[in-house]
Amino acid sequence: MSDRATETGTEPAEQVGEEAAPLSPKERFERRAVAWKTAERVLWRPSYQQTLRERLASLSEAAEKTYDLDGRVDMYGDGIVEALEERVAGLLGKEAAAFFPTGTMAQQIALRCWAGRTGNPTVALHALNHPEVHERHAFSQVSGLRPVRLTDESRMPTAEEVRDFPEPFGALLLELPLRDAGFVLPTWEELTEVVEAARERDAVVHFDGARLWECTPHFGRPLDEIAGLADSVYVSFYKSLDGFGGAAIAGPRTLVDEAKTWRHRYGGMIIQQFPTVLSALNGLERELPRLPEYVAHARVVATALREGLAEAGVPWARVHPEVPHTHQFQVWLPYDADVLGDAALLQTEETRTGLFGQGWAPAGPGISLTEVTVAEPGLEWTADDVKAAVREFVKRLPASS
């Protein structure tokens with residue numbers, strides 16, 4: 001536990017006598033994972049906290065209802081892989097789809113293919129887009145693409161920013177939802193206007209839809225209508241669907257056929273991928289229909305969190321967005337990240353109830369944020385349950401000066 005926690009009186013339960021040494025980031029992560037896994041009540045249980053045996057058992061049990069397990073295994077992208085590709089293309093209303101081992105590979109290839117067609121390798125995107133922030137500049141370092149930033153504000157780009165951008169670009173990339181800005185989405189009208197602005201500039205539109213699956217409640221439209229605005233769409237199979245991993249690109253058949261060629265060149269032609277693909281099919285069968293329910297309940301949880309923090313006397317707090325656009329949102333509090341992380345960990349260990357299971361990150365002087373996910377376990381929580389958990393959390397924070 002950090003020195004800061006000791007100074008504020010938030011000492012770990014096992015500390016007796018001499019002051020315990022601060023935890024390393026790895027130790028903090030592992031201790032939080034253990035506490036969250038063994039907690040009786042949480043808002044979300046990430047699958048990466050399961051044991052190998054648990055993960056394999058859940059895959060086998062669900063797969064019996066999802067795919068014919070007496071069929072042969074896949075070989076270099078046939079069989080069950082093709083079945084998943086057809087399913088995704090149908091859900092997104094596209095001619096074809098291609099499975100990829102990672103989203104990083106998938107989006108580079110899709111945009112590389114578009115660059116060849118448009119003759120322009122420039123990709124217009126938000127400064128907080130995942131490829132720009134979390135992929136070590138893969139677009140430029142690996143794929144010869146040139147990202148340019150439309151805006152760095154914590155909102156989606158506007159039609160005016162797209163229309164008035166001072167240089168040509170071949171593709172517009174929109175992350176739906178924009179995770180690092182708080183899982184935010186535009187309105188349907190704003191989205192259609194942005195797409196139209198790109199079309200006016202003869203640019204193709206690509207959706208970074210890693211979490212597109214849970215956008216339907218916000219837009220009030222089915223997946224194929226949302227995806228229909230874009231020339232191509234990337235989706236993930238683990239960020240919302242609880243799969244082992246994997247991603248897909250959906251779009252025109254000619255683009256997808258070329259993408260499969262580049263998939264081989266990038267090292268994505270893997271001899272057998274059936275465990276990951278089975279888990280993706282399981283997610284489409286089990287989690288996809290439940291996502292609207294998670295989104296609806298996330299709004300209940302977010303309201304209760306905001307009200308509970310105010311009732312507990314926290315001097316400043318923000319739930320962002322106030323009404324979540326998906327089943328994930330941010331919480332901002334006026335404390336250092338280590339202080340909040342210590343309090344969340346102690347609450348989970350001591351009460352067996354987990355309110356904040358993710359780490360806290362600095363967001364400014366004395367301000368930190370975390371992400372909250374509401375999934376199946378969180379459906380059991382009432383607004384009063386959330387407020388009670390908030391009170392327990394705030395008890396473990398240092399008193400305001």
# chains A, B, ... in the order shown; residues from 1 in each chain; ligands from 1
call {"tool": "residues_around", "arguments": {"residues": "Val319 of chain A", "least_positions_apart": "4", "cutoff": "7 Å", "atoms": "only C-alpha atoms", "output": "list in words"}}
result
Ala302, Arg306, Gln330, Val331 and Trp332 of chain A
call {"tool": "select_by_dssp", "arguments": {"residues": "segment 250-299 of chain A", "states": "alpha helix (DSSP H)", "output": "PyMOL selection string"}}
result
chain A and resi 253-265+274-286+291-299
call {"tool": "write_last_selection", "arguments": {"atoms": "N, CA and C atoms", "output": "compact mmCIF listing (two decimals), in the first residue's frame"}}
result
# COMPACT_ATOMS: atom_id res chain seq x y z
N ARG A 253 -17.23 -6.86 -50.22
CA ARG A 253 -16.53 -8.13 -50.41
C ARG A 253 -15.13 -7.92 -51.00
N THR A 254 -15.00 -6.99 -51.94
CA THR A 254 -13.68 -6.78 -52.54
C THR A 254 -12.68 -6.29 -51.50
N LEU A 255 -13.11 -5.43 -50.58
CA LEU A 255 -12.22 -4.95 -49.52
C LEU A 255 -11.86 -6.09 -48.59
N VAL A 256 -12.84 -6.90 -48.22
CA VAL A 256 -12.60 -8.00 -47.29
C VAL A 256 -11.67 -9.04 -47.91
N ASP A 257 -11.83 -9.33 -49.19
CA ASP A 257 -10.93 -10.28 -49.86
C ASP A 257 -9.49 -9.77 -49.84
N GLU A 258 -9.31 -8.49 -50.11
CA GLU A 258 -7.96 -7.92 -50.05
C GLU A 258 -7.43 -7.94 -48.62
N ALA A 259 -8.31 -7.65 -47.65
CA ALA A 259 -7.90 -7.64 -46.25
C ALA A 259 -7.40 -9.03 -45.83
N LYS A 260 -8.02 -10.07 -46.35
CA LYS A 260 -7.57 -11.43 -46.00
C LYS A 260 -6.17 -11.71 -46.55
N THR A 261 -5.86 -11.13 -47.72
CA THR A 261 -4.50 -11.27 -48.25
C THR A 261 -3.50 -10.60 -47.33
N TRP A 262 -3.84 -9.38 -46.90
CA TRP A 262 -2.94 -8.67 -45.99
C TRP A 262 -2.91 -9.34 -44.61
N ARG A 263 -3.99 -9.96 -44.21
CA ARG A 263 -3.99 -10.71 -42.95
C ARG A 263 -2.89 -11.75 -42.96
N HIS A 264 -2.73 -12.44 -44.08
CA HIS A 264 -1.67 -13.45 -44.21
C HIS A 264 -0.30 -12.78 -44.12
N ARG A 265 -0.15 -11.66 -44.82
CA ARG A 265 1.14 -10.97 -44.84
C ARG A 265 1.52 -10.43 -43.46
N PHE A 274 -10.07 -22.10 -33.36
CA PHE A 274 -11.43 -22.46 -32.92
C PHE A 274 -11.75 -22.09 -31.48
N PRO A 275 -10.80 -22.13 -30.52
CA PRO A 275 -11.21 -21.72 -29.16
C PRO A 275 -11.66 -20.26 -29.11
N THR A 276 -10.89 -19.38 -29.74
CA THR A 276 -11.25 -17.97 -29.76
C THR A 276 -12.55 -17.74 -30.53
N VAL A 277 -12.70 -18.41 -31.66
CA VAL A 277 -13.89 -18.24 -32.47
C VAL A 277 -15.12 -18.79 -31.76
N LEU A 278 -14.98 -19.92 -31.10
CA LEU A 278 -16.10 -20.45 -30.32
C LEU A 278 -16.53 -19.47 -29.24
N SER A 279 -15.55 -18.88 -28.58
CA SER A 279 -15.89 -17.92 -27.52
C SER A 279 -16.59 -16.69 -28.11
N ALA A 280 -16.21 -16.31 -29.33
CA ALA A 280 -16.88 -15.19 -29.98
C ALA A 280 -18.33 -15.55 -30.33
N LEU A 281 -18.54 -16.74 -30.86
CA LEU A 281 -19.90 -17.18 -31.15
C LEU A 281 -20.74 -17.27 -29.88
N ASN A 282 -20.12 -17.74 -28.80
CA ASN A 282 -20.82 -17.78 -27.51
C ASN A 282 -21.23 -16.38 -27.08
N GLY A 283 -20.33 -15.41 -27.26
CA GLY A 283 -20.64 -14.04 -26.87
C GLY A 283 -21.78 -13.45 -27.67
N LEU A 284 -21.79 -13.74 -28.98
CA LEU A 284 -22.88 -13.26 -29.82
C LEU A 284 -24.21 -13.88 -29.40
N GLU A 285 -24.14 -15.13 -28.95
CA GLU A 285 -25.35 -15.83 -28.55
C GLU A 285 -25.84 -15.39 -27.17
N ARG A 286 -24.90 -15.22 -26.24
CA ARG A 286 -25.30 -14.98 -24.85
C ARG A 286 -25.27 -13.50 -24.46
N LEU A 291 -26.90 -6.89 -23.74
CA LEU A 291 -26.24 -5.59 -23.61
C LEU A 291 -27.22 -4.44 -23.39
N PRO A 292 -28.38 -4.39 -24.05
CA PRO A 292 -29.32 -3.31 -23.74
C PRO A 292 -29.74 -3.29 -22.27
N GLU A 293 -29.88 -4.45 -21.67
CA GLU A 293 -30.23 -4.52 -20.25
C GLU A 293 -29.09 -3.96 -19.40
N TYR A 294 -27.85 -4.27 -19.76
CA TYR A 294 -26.71 -3.73 -19.03
C TYR A 294 -26.67 -2.20 -19.15
N VAL A 295 -26.92 -1.70 -20.36
CA VAL A 295 -26.90 -0.25 -20.57
C VAL A 295 -27.97 0.43 -19.70
N ALA A 296 -29.16 -0.13 -19.70
CA ALA A 296 -30.24 0.46 -18.91
C ALA A 296 -29.88 0.49 -17.43
N HIS A 297 -29.29 -0.60 -16.93
CA HIS A 297 -28.98 -0.64 -15.51
C HIS A 297 -27.77 0.22 -15.18
N ALA A 298 -26.86 0.40 -16.13
CA ALA A 298 -25.73 1.29 -15.89
C ALA A 298 -26.22 2.70 -15.58
N ARG A 299 -27.33 3.09 -16.17
CA ARG A 299 -27.89 4.41 -15.91
C ARG A 299 -28.43 4.51 -14.49
call {"tool": "select_by_dssp", "arguments": {"residues": "segment 149-300 of chain A", "states": "strand (DSSP E)", "output": "MDAnalysis selection string"}}
result
chainID A and resid 149 171:175 204:209 232:236 247:251
call {"tool": "closest_residue", "arguments": {"among": "A:Arg31, A:Thr66, A:Arg55, A:Ile249", "to": "Met105 of chain A", "atoms": "only C-alpha atoms"}}
result
A:Ile249
call {"tool": "closest_residue", "arguments": {"among": "A:Glu349, A:Glu307, A:Glu371, A:Glu30", "to": "Gln49 of chain A", "atoms": "only C-alpha atoms"}}
result
A:Glu30
call {"tool": "atom_distance", "arguments": {"atom1": "atom CA of Ala389 of chain A", "atom2": "atom CA of Arg45 of chain A"}}
result
16.9 Å
call {"tool": "residues_around", "arguments": {"residues": "Ala343 of chain A", "least_positions_apart": "5", "cutoff": "8 Å", "atoms": "only C-alpha atoms", "output": "ChimeraX atom specification"}}
result
/A:10,393-394,396-397
call {"tool": "write_last_selection", "arguments": {"atoms": "N, CA and C atoms", "output": "short mmCIF file (atom, residue, chain, number, x, y, z; two decimals), in the first residue's frame"}}
result
data_model
loop_
_atom_site.label_atom_id
_atom_site.label_comp_id
_atom_site.auth_asym_id
_atom_site.auth_seq_id
_atom_site.Cartn_x
_atom_site.Cartn_y
_atom_site.Cartn_z
N THR A 10 -5.38 5.31 6.08
CA THR A 10 -6.01 4.21 5.35
C THR A 10 -5.02 3.06 5.26
N PHE A 393 -17.19 3.02 0.83
CA PHE A 393 -15.99 3.48 0.13
C PHE A 393 -15.49 4.79 0.71
N VAL A 394 -16.40 5.74 0.91
CA VAL A 394 -16.01 7.06 1.38
C VAL A 394 -15.44 6.99 2.80
N ARG A 396 -13.36 5.07 3.82
CA ARG A 396 -11.95 4.70 3.72
C ARG A 396 -11.12 5.77 3.02
N LEU A 397 -11.73 6.91 2.74
CA LEU A 397 -11.01 8.03 2.18
C LEU A 397 -10.56 8.98 3.29
#
call {"tool": "closest_residue", "arguments": {"among": "A:Ala344, A:Ala181, A:Ala115, A:Val235", "to": "Ala363 of chain A", "atoms": "only C-alpha atoms"}}
result
A:Ala181
call {"tool": "residues_around", "arguments": {"residues": "segment 117-119 of chain A", "least_positions_apart": "2", "cutoff": "8 Å", "atoms": "only C-alpha atoms", "output": "PyMOL selection string"}}
result
chain A and resi 113-115+121+170+203
call {"tool": "atom_distance", "arguments": {"atom1": "atom CA of Asn120 of chain A", "atom2": "atom CA of Val88 of chain A"}}
result
28.3 Å
call {"tool": "residues_around", "arguments": {"residues": "Arg179 of chain A", "least_positions_apart": "5", "cutoff": "10 Å", "atoms": "only C-alpha atoms", "output": "ChimeraX atom specification"}}
result
/A:128-130,154,184-185,210-211,328-330,371
call {"tool": "closest_residue", "arguments": {"among": "A:Thr351, A:Gln141, A:Thr158, A:Thr373", "to": "Val390 of chain A", "atoms": "only C-alpha atoms"}}
result
A:Thr351
